[in-house]
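S.K.: Next comes the structure file protein-v3.txt, holding compact mmCIF, N, CA and C atoms and all ligand atoms.
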```
# COMPACT_ATOMS: atom_id res chain seq x y z
N MET A 1 173.71 -105.31 67.03
CA MET A 1 172.81 -106.39 67.49
C MET A 1 171.54 -105.81 68.10
N LYS A 2 170.41 -106.32 67.66
CA LYS A 2 169.14 -105.93 68.26
C LYS A 2 168.58 -107.16 68.99
N ASP A 3 167.70 -106.89 69.94
CA ASP A 3 167.02 -107.97 70.65
C ASP A 3 165.54 -107.85 70.32
N SER A 4 164.99 -108.86 69.67
CA SER A 4 163.62 -108.76 69.16
C SER A 4 162.58 -108.69 70.28
N ASN A 5 162.99 -109.00 71.52
CA ASN A 5 162.05 -108.91 72.64
C ASN A 5 162.20 -107.63 73.44
N CYS A 6 163.04 -106.71 72.96
CA CYS A 6 163.39 -105.54 73.77
C CYS A 6 162.64 -104.30 73.29
N ILE A 7 161.90 -103.69 74.20
CA ILE A 7 161.09 -102.52 73.82
C ILE A 7 161.97 -101.34 73.41
N PHE A 8 163.12 -101.16 74.07
CA PHE A 8 163.97 -100.03 73.70
C PHE A 8 164.68 -100.26 72.37
N CYS A 9 164.96 -101.51 72.00
CA CYS A 9 165.46 -101.79 70.64
C CYS A 9 164.40 -101.34 69.63
N LYS A 10 163.15 -101.65 69.92
CA LYS A 10 162.07 -101.30 68.99
C LYS A 10 161.90 -99.79 68.90
N ILE A 11 161.99 -99.11 70.03
CA ILE A 11 161.86 -97.64 70.02
C ILE A 11 163.07 -97.02 69.30
N ALA A 12 164.25 -97.48 69.65
CA ALA A 12 165.48 -96.87 69.10
C ALA A 12 165.57 -97.06 67.59
N ASN A 13 164.95 -98.13 67.09
CA ASN A 13 165.04 -98.42 65.66
C ASN A 13 163.74 -98.13 64.91
N GLY A 14 162.83 -97.41 65.57
CA GLY A 14 161.66 -96.87 64.90
C GLY A 14 160.52 -97.86 64.69
N GLU A 15 160.60 -99.05 65.28
CA GLU A 15 159.49 -100.02 65.13
C GLU A 15 158.31 -99.62 66.01
N ILE A 16 158.60 -98.92 67.10
CA ILE A 16 157.55 -98.36 67.95
C ILE A 16 157.77 -96.85 67.93
N PRO A 17 156.70 -96.08 67.65
CA PRO A 17 156.88 -94.63 67.57
C PRO A 17 157.24 -94.02 68.93
N SER A 18 157.99 -92.94 68.88
CA SER A 18 158.39 -92.27 70.12
C SER A 18 158.51 -90.78 69.86
N ARG A 19 158.53 -90.03 70.91
CA ARG A 19 158.73 -88.58 70.77
C ARG A 19 160.23 -88.33 70.75
N THR A 20 160.77 -88.28 69.52
CA THR A 20 162.22 -88.21 69.33
C THR A 20 162.67 -86.76 69.31
N ILE A 21 163.71 -86.46 70.09
CA ILE A 21 164.21 -85.08 70.12
C ILE A 21 165.60 -84.95 69.50
N GLU A 22 166.22 -86.10 69.21
CA GLU A 22 167.57 -86.07 68.62
C GLU A 22 167.81 -87.47 68.07
N GLU A 23 168.54 -87.55 66.95
CA GLU A 23 168.84 -88.88 66.41
C GLU A 23 170.11 -88.80 65.59
N ASN A 24 170.94 -89.84 65.72
CA ASN A 24 172.10 -89.99 64.82
C ASN A 24 172.29 -91.48 64.56
N ASP A 25 173.42 -91.86 63.95
CA ASP A 25 173.61 -93.28 63.57
C ASP A 25 173.60 -94.19 64.79
N MET A 26 174.07 -93.67 65.92
CA MET A 26 174.29 -94.51 67.10
C MET A 26 173.12 -94.50 68.09
N PHE A 27 172.45 -93.35 68.19
CA PHE A 27 171.44 -93.16 69.25
C PHE A 27 170.15 -92.59 68.73
N LYS A 28 169.08 -92.90 69.49
CA LYS A 28 167.86 -92.10 69.39
C LYS A 28 167.63 -91.54 70.79
N VAL A 29 167.26 -90.27 70.87
CA VAL A 29 166.97 -89.64 72.16
C VAL A 29 165.47 -89.34 72.18
N VAL A 30 164.78 -89.92 73.17
CA VAL A 30 163.31 -89.81 73.20
C VAL A 30 162.86 -89.27 74.55
N LEU A 31 161.65 -88.75 74.57
CA LEU A 31 161.07 -88.34 75.86
C LEU A 31 160.66 -89.57 76.65
N ASP A 32 160.95 -89.57 77.93
CA ASP A 32 160.50 -90.63 78.84
C ASP A 32 158.99 -90.50 79.02
N VAL A 33 158.27 -91.63 78.93
CA VAL A 33 156.80 -91.57 79.08
C VAL A 33 156.36 -91.43 80.54
N GLY A 34 157.29 -91.64 81.46
CA GLY A 34 156.98 -91.45 82.88
C GLY A 34 157.98 -90.45 83.46
N PRO A 35 157.94 -89.22 82.98
CA PRO A 35 159.02 -88.27 83.28
C PRO A 35 159.09 -87.85 84.74
N ALA A 36 160.32 -87.71 85.23
CA ALA A 36 160.54 -87.15 86.56
C ALA A 36 160.19 -85.67 86.55
N THR A 37 160.48 -85.02 85.45
CA THR A 37 160.18 -83.59 85.29
C THR A 37 159.86 -83.33 83.81
N LYS A 38 159.40 -82.12 83.53
CA LYS A 38 159.06 -81.75 82.15
C LYS A 38 160.32 -81.76 81.28
N GLY A 39 160.34 -82.66 80.28
CA GLY A 39 161.47 -82.72 79.36
C GLY A 39 162.40 -83.89 79.59
N HIS A 40 162.16 -84.70 80.61
CA HIS A 40 162.99 -85.87 80.93
C HIS A 40 163.18 -86.72 79.67
N ALA A 41 164.43 -86.93 79.30
CA ALA A 41 164.75 -87.64 78.05
C ALA A 41 165.61 -88.86 78.33
N LEU A 42 165.58 -89.81 77.38
CA LEU A 42 166.38 -91.03 77.47
C LEU A 42 167.25 -91.14 76.22
N ILE A 43 168.53 -91.37 76.41
CA ILE A 43 169.43 -91.63 75.29
C ILE A 43 169.50 -93.14 75.09
N LEU A 44 169.04 -93.60 73.95
CA LEU A 44 168.98 -95.04 73.67
C LEU A 44 169.95 -95.40 72.55
N PRO A 45 170.94 -96.27 72.80
CA PRO A 45 171.74 -96.78 71.68
C PRO A 45 170.84 -97.59 70.75
N LYS A 46 171.13 -97.55 69.45
CA LYS A 46 170.32 -98.32 68.49
C LYS A 46 170.63 -99.80 68.58
N ASP A 47 171.84 -100.15 69.03
CA ASP A 47 172.18 -101.55 69.26
C ASP A 47 171.84 -101.92 70.70
N HIS A 48 171.63 -103.21 70.90
CA HIS A 48 171.22 -103.66 72.24
C HIS A 48 172.43 -103.95 73.12
N TYR A 49 172.51 -103.26 74.22
CA TYR A 49 173.46 -103.56 75.31
C TYR A 49 172.63 -103.57 76.57
N THR A 50 172.88 -104.52 77.44
CA THR A 50 172.03 -104.65 78.63
C THR A 50 172.24 -103.48 79.58
N ASN A 51 173.49 -103.13 79.77
CA ASN A 51 173.81 -102.05 80.71
C ASN A 51 175.24 -101.59 80.47
N LEU A 52 175.76 -100.80 81.39
CA LEU A 52 177.10 -100.22 81.22
C LEU A 52 178.18 -101.28 81.05
N TYR A 53 177.96 -102.44 81.67
CA TYR A 53 179.02 -103.45 81.68
C TYR A 53 179.36 -103.95 80.28
N ASP A 54 178.36 -104.03 79.41
CA ASP A 54 178.66 -104.53 78.07
C ASP A 54 178.60 -103.44 77.00
N LEU A 55 178.61 -102.19 77.44
CA LEU A 55 178.60 -101.08 76.48
C LEU A 55 180.01 -100.89 75.90
N PRO A 56 180.17 -100.95 74.58
CA PRO A 56 181.51 -100.74 74.02
C PRO A 56 182.04 -99.34 74.35
N GLU A 57 183.34 -99.23 74.42
CA GLU A 57 183.94 -97.96 74.87
C GLU A 57 183.62 -96.81 73.92
N ASP A 58 183.57 -97.08 72.63
CA ASP A 58 183.28 -95.98 71.69
C ASP A 58 181.84 -95.48 71.89
N VAL A 59 180.92 -96.39 72.20
CA VAL A 59 179.54 -95.97 72.45
C VAL A 59 179.46 -95.22 73.78
N ALA A 60 180.22 -95.72 74.77
CA ALA A 60 180.24 -95.06 76.09
C ALA A 60 180.74 -93.61 75.96
N ALA A 61 181.74 -93.42 75.13
CA ALA A 61 182.28 -92.06 74.95
C ALA A 61 181.25 -91.17 74.25
N GLU A 62 180.58 -91.71 73.26
CA GLU A 62 179.63 -90.90 72.48
C GLU A 62 178.38 -90.57 73.31
N VAL A 63 178.00 -91.46 74.21
CA VAL A 63 176.76 -91.22 74.95
C VAL A 63 176.91 -89.97 75.82
N TYR A 64 178.11 -89.75 76.35
CA TYR A 64 178.28 -88.55 77.18
C TYR A 64 178.31 -87.28 76.35
N LYS A 65 178.85 -87.38 75.14
CA LYS A 65 178.80 -86.21 74.24
C LYS A 65 177.36 -85.86 73.92
N THR A 66 176.56 -86.90 73.71
CA THR A 66 175.14 -86.68 73.41
C THR A 66 174.44 -86.09 74.63
N ALA A 67 174.77 -86.59 75.82
CA ALA A 67 174.16 -86.07 77.05
C ALA A 67 174.46 -84.59 77.21
N LYS A 68 175.68 -84.21 76.90
CA LYS A 68 176.05 -82.79 77.02
C LYS A 68 175.22 -81.93 76.06
N LYS A 69 175.09 -82.42 74.83
CA LYS A 69 174.31 -81.68 73.83
C LYS A 69 172.86 -81.51 74.29
N ILE A 70 172.28 -82.59 74.79
CA ILE A 70 170.87 -82.53 75.24
C ILE A 70 170.73 -81.62 76.46
N ALA A 71 171.68 -81.72 77.37
CA ALA A 71 171.62 -80.87 78.58
C ALA A 71 171.67 -79.39 78.20
N LEU A 72 172.53 -79.06 77.26
CA LEU A 72 172.62 -77.66 76.84
C LEU A 72 171.35 -77.22 76.13
N LYS A 73 170.78 -78.14 75.34
CA LYS A 73 169.52 -77.82 74.66
C LYS A 73 168.41 -77.58 75.69
N MET A 74 168.41 -78.38 76.75
CA MET A 74 167.40 -78.20 77.80
C MET A 74 167.56 -76.86 78.50
N LYS A 75 168.82 -76.49 78.74
CA LYS A 75 169.08 -75.18 79.37
C LYS A 75 168.51 -74.08 78.47
N GLU A 76 168.84 -74.20 77.18
CA GLU A 76 168.46 -73.13 76.25
C GLU A 76 166.95 -73.09 76.02
N LYS A 77 166.36 -74.27 75.75
CA LYS A 77 164.96 -74.27 75.27
C LYS A 77 163.94 -74.40 76.39
N LEU A 78 164.32 -75.03 77.49
CA LEU A 78 163.36 -75.19 78.59
C LEU A 78 163.63 -74.19 79.71
N GLY A 79 164.82 -73.59 79.68
CA GLY A 79 165.17 -72.67 80.75
C GLY A 79 165.27 -73.37 82.10
N CYS A 80 165.68 -74.65 82.08
CA CYS A 80 165.76 -75.37 83.35
C CYS A 80 166.90 -74.80 84.21
N ASP A 81 166.81 -75.10 85.49
CA ASP A 81 167.79 -74.54 86.43
C ASP A 81 168.95 -75.48 86.70
N GLY A 82 168.83 -76.72 86.21
CA GLY A 82 169.88 -77.72 86.40
C GLY A 82 169.53 -78.96 85.61
N VAL A 83 170.45 -79.90 85.56
CA VAL A 83 170.23 -81.15 84.82
C VAL A 83 170.87 -82.30 85.60
N ASN A 84 170.11 -83.38 85.82
CA ASN A 84 170.68 -84.63 86.35
C ASN A 84 170.94 -85.61 85.22
N ILE A 85 172.09 -86.25 85.27
CA ILE A 85 172.38 -87.40 84.41
C ILE A 85 172.29 -88.62 85.31
N VAL A 86 171.43 -89.56 84.94
CA VAL A 86 171.22 -90.75 85.77
C VAL A 86 171.32 -91.98 84.87
N GLN A 87 171.97 -93.00 85.37
CA GLN A 87 172.11 -94.21 84.54
C GLN A 87 172.17 -95.41 85.48
N ASN A 88 171.16 -96.26 85.43
CA ASN A 88 171.01 -97.36 86.38
C ASN A 88 171.48 -98.68 85.77
N ASN A 89 172.21 -99.46 86.55
CA ASN A 89 172.70 -100.76 86.09
C ASN A 89 172.29 -101.85 87.05
N GLU A 90 171.44 -102.75 86.59
CA GLU A 90 170.90 -103.89 87.33
C GLU A 90 169.77 -103.45 88.25
N GLU A 91 168.97 -104.46 88.56
CA GLU A 91 167.76 -104.23 89.34
C GLU A 91 168.05 -103.56 90.68
N ALA A 92 169.11 -103.99 91.34
CA ALA A 92 169.42 -103.44 92.67
C ALA A 92 169.70 -101.94 92.60
N ALA A 93 170.10 -101.48 91.43
CA ALA A 93 170.40 -100.05 91.24
C ALA A 93 169.24 -99.30 90.60
N GLY A 94 168.10 -99.99 90.44
CA GLY A 94 166.91 -99.31 89.94
C GLY A 94 166.66 -99.48 88.46
N GLN A 95 167.46 -100.31 87.77
CA GLN A 95 167.21 -100.51 86.34
C GLN A 95 165.94 -101.33 86.15
N THR A 96 165.05 -100.84 85.31
CA THR A 96 163.80 -101.57 85.05
C THR A 96 163.68 -101.99 83.59
N VAL A 97 164.40 -101.32 82.69
CA VAL A 97 164.42 -101.73 81.28
C VAL A 97 165.86 -102.11 80.97
N PHE A 98 166.03 -103.37 80.52
CA PHE A 98 167.39 -103.92 80.46
C PHE A 98 168.01 -103.76 79.07
N HIS A 99 167.94 -102.54 78.60
CA HIS A 99 168.63 -102.05 77.39
C HIS A 99 169.28 -100.76 77.88
N PHE A 100 170.59 -100.66 77.77
CA PHE A 100 171.29 -99.49 78.30
C PHE A 100 170.56 -98.20 77.91
N HIS A 101 170.43 -97.31 78.86
CA HIS A 101 169.88 -95.97 78.56
C HIS A 101 170.41 -94.99 79.59
N MET A 102 170.55 -93.76 79.14
CA MET A 102 170.97 -92.69 80.04
C MET A 102 169.83 -91.69 80.16
N HIS A 103 169.48 -91.38 81.42
CA HIS A 103 168.44 -90.38 81.67
C HIS A 103 169.08 -88.99 81.65
N VAL A 104 168.43 -88.06 80.98
CA VAL A 104 168.82 -86.65 81.06
C VAL A 104 167.59 -85.92 81.59
N ILE A 105 167.73 -85.44 82.82
CA ILE A 105 166.54 -84.94 83.55
C ILE A 105 166.72 -83.45 83.86
N PRO A 106 165.94 -82.62 83.17
CA PRO A 106 166.01 -81.19 83.50
C PRO A 106 165.44 -80.95 84.89
N ARG A 107 166.05 -80.07 85.63
CA ARG A 107 165.57 -79.76 86.98
C ARG A 107 165.17 -78.29 87.07
N TYR A 108 164.13 -78.07 87.84
CA TYR A 108 163.59 -76.73 88.02
C TYR A 108 163.56 -76.44 89.50
N LYS A 109 163.90 -75.23 89.87
CA LYS A 109 163.84 -74.87 91.29
C LYS A 109 162.47 -75.27 91.84
N ASP A 110 162.48 -75.93 92.99
CA ASP A 110 161.23 -76.33 93.64
C ASP A 110 160.39 -77.29 92.80
N ASP A 111 161.03 -78.14 91.98
CA ASP A 111 160.24 -79.10 91.19
C ASP A 111 159.76 -80.28 92.03
N GLY A 112 160.24 -80.36 93.27
CA GLY A 112 159.72 -81.38 94.19
C GLY A 112 160.26 -82.78 93.96
N GLN A 113 161.13 -82.97 92.99
CA GLN A 113 161.68 -84.31 92.75
C GLN A 113 162.85 -84.58 93.67
N VAL A 114 163.05 -85.86 93.97
CA VAL A 114 164.19 -86.25 94.81
C VAL A 114 164.99 -87.28 94.03
N ILE A 115 166.20 -86.96 93.68
CA ILE A 115 167.09 -87.92 93.02
C ILE A 115 168.33 -87.94 93.88
N GLY A 116 168.48 -88.95 94.71
CA GLY A 116 169.62 -88.87 95.62
C GLY A 116 169.75 -90.06 96.53
N TRP A 117 170.45 -89.85 97.61
CA TRP A 117 170.69 -90.92 98.58
C TRP A 117 170.86 -90.29 99.94
N LYS A 118 170.73 -91.15 100.95
CA LYS A 118 170.96 -90.71 102.33
C LYS A 118 172.44 -90.82 102.59
N PRO A 119 173.15 -89.74 102.88
CA PRO A 119 174.60 -89.86 103.12
C PRO A 119 174.89 -90.74 104.33
N GLY A 120 175.88 -91.63 104.19
CA GLY A 120 176.31 -92.45 105.31
C GLY A 120 177.27 -91.69 106.21
N GLN A 121 177.68 -92.34 107.29
CA GLN A 121 178.63 -91.71 108.21
C GLN A 121 179.74 -92.69 108.57
N PRO A 122 180.53 -93.11 107.54
CA PRO A 122 181.57 -94.10 107.81
C PRO A 122 182.69 -93.52 108.66
N THR A 123 183.34 -94.42 109.40
CA THR A 123 184.54 -93.99 110.13
C THR A 123 185.68 -93.86 109.13
N ALA A 124 186.75 -93.20 109.57
CA ALA A 124 187.94 -93.08 108.72
C ALA A 124 188.48 -94.46 108.37
N GLU A 125 188.43 -95.40 109.33
CA GLU A 125 188.93 -96.76 109.09
C GLU A 125 188.09 -97.46 108.01
N GLU A 126 186.79 -97.27 108.09
CA GLU A 126 185.92 -97.89 107.08
C GLU A 126 186.21 -97.32 105.69
N LEU A 127 186.41 -96.02 105.61
CA LEU A 127 186.74 -95.41 104.31
C LEU A 127 188.09 -95.92 103.81
N ASP A 128 189.07 -96.03 104.71
CA ASP A 128 190.39 -96.56 104.33
C ASP A 128 190.25 -97.97 103.77
N ALA A 129 189.43 -98.79 104.46
CA ALA A 129 189.31 -100.19 104.08
C ALA A 129 188.67 -100.33 102.70
N ILE A 130 187.64 -99.54 102.44
CA ILE A 130 186.97 -99.68 101.14
C ILE A 130 187.84 -99.11 100.02
N ALA A 131 188.61 -98.08 100.35
CA ALA A 131 189.55 -97.54 99.35
C ALA A 131 190.58 -98.60 98.97
N GLU A 132 191.04 -99.37 99.96
CA GLU A 132 192.01 -100.45 99.68
C GLU A 132 191.39 -101.49 98.75
N VAL A 133 190.14 -101.84 99.02
CA VAL A 133 189.47 -102.87 98.20
C VAL A 133 189.35 -102.40 96.74
N LEU A 134 189.06 -101.12 96.57
CA LEU A 134 188.75 -100.62 95.23
C LEU A 134 189.96 -100.10 94.46
N LYS A 135 191.11 -100.05 95.10
CA LYS A 135 192.31 -99.55 94.41
C LYS A 135 192.70 -100.44 93.26
P1 LIG B 201 165.33 -97.34 84.44
O1 LIG B 201 164.54 -97.47 85.71
O2 LIG B 201 165.50 -98.68 83.76
O3 LIG B 201 166.62 -96.60 84.60
O4 LIG B 201 164.46 -96.42 83.51
C1 LIG B 201 163.48 -96.86 82.65
C2 LIG B 201 162.72 -95.64 82.15
O5 LIG B 201 162.07 -95.99 80.96
C3 LIG B 201 161.66 -95.14 83.12
O6 LIG B 201 161.94 -93.78 83.45
C4 LIG B 201 160.37 -95.29 82.34
O7 LIG B 201 159.46 -94.24 82.57
C5 LIG B 201 160.84 -95.33 80.91
N1 LIG B 201 160.02 -96.11 80.00
C6 LIG B 201 159.53 -97.35 80.22
N2 LIG B 201 158.85 -97.78 79.14
C7 LIG B 201 158.93 -96.78 78.21
C8 LIG B 201 158.41 -96.65 76.89
O8 LIG B 201 157.73 -97.52 76.35
N3 LIG B 201 158.70 -95.49 76.23
C9 LIG B 201 159.44 -94.49 76.81
N4 LIG B 201 159.68 -93.39 76.07
N5 LIG B 201 159.93 -94.59 78.06
C10 LIG B 201 159.68 -95.72 78.76
ZN ZN B 202 167.39 -103.57 73.35
```
Can the structure in the file be given as structure tokens, please?
Ligand code: 5GP
Ligand code: ZN

M.R.:
Amino acid sequence: MKDSNCIFCKIANGEIPSRTIEENDMFKVVLDVGPATKGHALILPKDHYTNLYDLPEDVAAEVYKTAKKIALKMKEKLGCDGVNIVQNNEEAAGQTVFHFHMHVIPRYKDDGQVIGWKPGQPTAEELDAIAEVLK
């Protein structure tokens, strides 16, 4: 299924040109136009899924295999010092394009980027309580 109003459907299916670094039947992997670092790539399924919640399991499994391949390619060809895998679901989590995509972000020592969170300081009781909820 494609969504005719979705920019990533158009990119993934070649209607809008992109800087493609990998492609197979399921995915197109393109350079992000607003990269966090040099080489920041996006894995785009060719079919439209809004986010992780509606991603079929077979696609979910393949996306991580693709991420591994791209991460290793970045290590080899860019000589990066690390790689972040980032995947945002819904606006509250930072999703801005509502077609599932996985970020593969090469990291370089002292690249100045911040991808993270402020660690909380929950009590043991609070951790116990949330573990109960999520079990
Ligand atoms: P999100 O915030 O939804 O996880 O990430 C969306 C990403 O898509 C951003 O990093 C943004 O730079 C990238 N992006 C937005 N529009 C385009 C586009 O037209 N082409 C490409 N290649 N990347 C895009
Ligand atoms: Zn789409």

S.K.: Just to confirm, what's the straight-line distance from atom N of Glu132 (chain A) to CA of Pro119 (chain A) in Å (one decimal)?

M.R.: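 Between atom N of Glu132 (chain A) and CA of Pro119 (chain A) the gap is 19.3 Å.
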
S.K.: Throw together the list of residues within 7 Å of ligand ZN 202 (chain B), counting all atoms listed in the file, and drop it here as a ChimeraX atom specification.

M.R.: /A:2-10,46-50,98-100

S.K.: Ranking A:Gln121, A:Thr66, A:Thr37, A:Gln95 by minimum distance to ligand LIG 201 (chain B) and counting only N, CA and C atoms and all ligand atoms, which one comes first?

M.R.: A:Gln95

S.K.: Which is closest to Val83 (chain A) among A:Lys135, A:Arg107, A:Lys28, A:His40, if we use all atoms listed in the file?

M.R.: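 Checking each candidate against Val83 (chain A), we get A:Arg107 as the closest.
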
S.K.: Calculate how many Å separate atom C of Val33 (chain A) from CA of Lys68 (chain A), rounding to one decimal.

M.R.: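 Result for atom C of Val33 (chain A) versus CA of Lys68 (chain A): 21.8 Å, one decimal.
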
S.K.: DSSP on the backbone, then: every residue of region 38-86 of chain A marked strand (DSSP E or B), written as a compact mmCIF listing (two decimals) with N, CA and C atoms, in the coordinates of the input.

M.R.:
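The resulting file, part-v9.txt, is reproduced below:
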```txt
# COMPACT_ATOMS: atom_id res chain seq x y z
N ALA A 41 164.43 -86.93 79.30
CA ALA A 41 164.75 -87.64 78.05
C ALA A 41 165.61 -88.86 78.33
N LEU A 42 165.58 -89.81 77.38
CA LEU A 42 166.38 -91.03 77.47
C LEU A 42 167.25 -91.14 76.22
N ILE A 43 168.53 -91.37 76.41
CA ILE A 43 169.43 -91.63 75.29
C ILE A 43 169.50 -93.14 75.09
N LEU A 44 169.04 -93.60 73.95
CA LEU A 44 168.98 -95.04 73.67
C LEU A 44 169.95 -95.40 72.55
N PRO A 45 170.94 -96.27 72.80
CA PRO A 45 171.74 -96.78 71.68
C PRO A 45 170.84 -97.59 70.75
N GLY A 82 168.83 -76.72 86.21
CA GLY A 82 169.88 -77.72 86.40
C GLY A 82 169.53 -78.96 85.61
N VAL A 83 170.45 -79.90 85.56
CA VAL A 83 170.23 -81.15 84.82
C VAL A 83 170.87 -82.30 85.60
N ASN A 84 170.11 -83.38 85.82
CA ASN A 84 170.68 -84.63 86.35
C ASN A 84 170.94 -85.61 85.22
N ILE A 85 172.09 -86.25 85.27
CA ILE A 85 172.38 -87.40 84.41
C ILE A 85 172.29 -88.62 85.31
N VAL A 86 171.43 -89.56 84.94
CA VAL A 86 171.22 -90.75 85.77
C VAL A 86 171.32 -91.98 84.87
```

S.K.: Might I get the box with edges along x, y and z of the file that holds all atoms of region 113-128 of chain A listed there, padded by 6 Å on every side, given as centre and edge lengths in Å to one decimal, as AutoDock Vina command-line options?

M.R.:
```
--center_x 175.8 --center_y -90.5 --center_z 101.4 --size_x 41.3 --size_y 27.0 --size_z 29.4
```

S.K.: Kindly give the distance, in Å, that separates atom N of Ala131 (chain A) and CA of Ala92 (chain A), rounded to a single decimal.

M.R.: 21.4 Å

S.K.: May I have the residues within 10 Å of ligand LIG 201 (chain B), computed using only C-alpha atoms and all ligand atoms, as a ChimeraX atom specification?

M.R.: /A:7-8,10-12,16-20,29-36,40-44,51,86-91,93-103,105

S.K.: If you run DSSP on the backbone, which residues of region 59-100 of chain A are alpha helix (DSSP H), as number ranges by chain?

M.R.: A: 59-78

S.K.: In terms of the shortest atom-to-atom distance over all atoms listed in the file, which of A:Leu52, A:Cys80, A:Val59, A:Ile130 is closest to Lys109 (chain A)?

M.R.: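 Looking at the shortest contact to Lys109 (chain A), the residue is A:Cys80.
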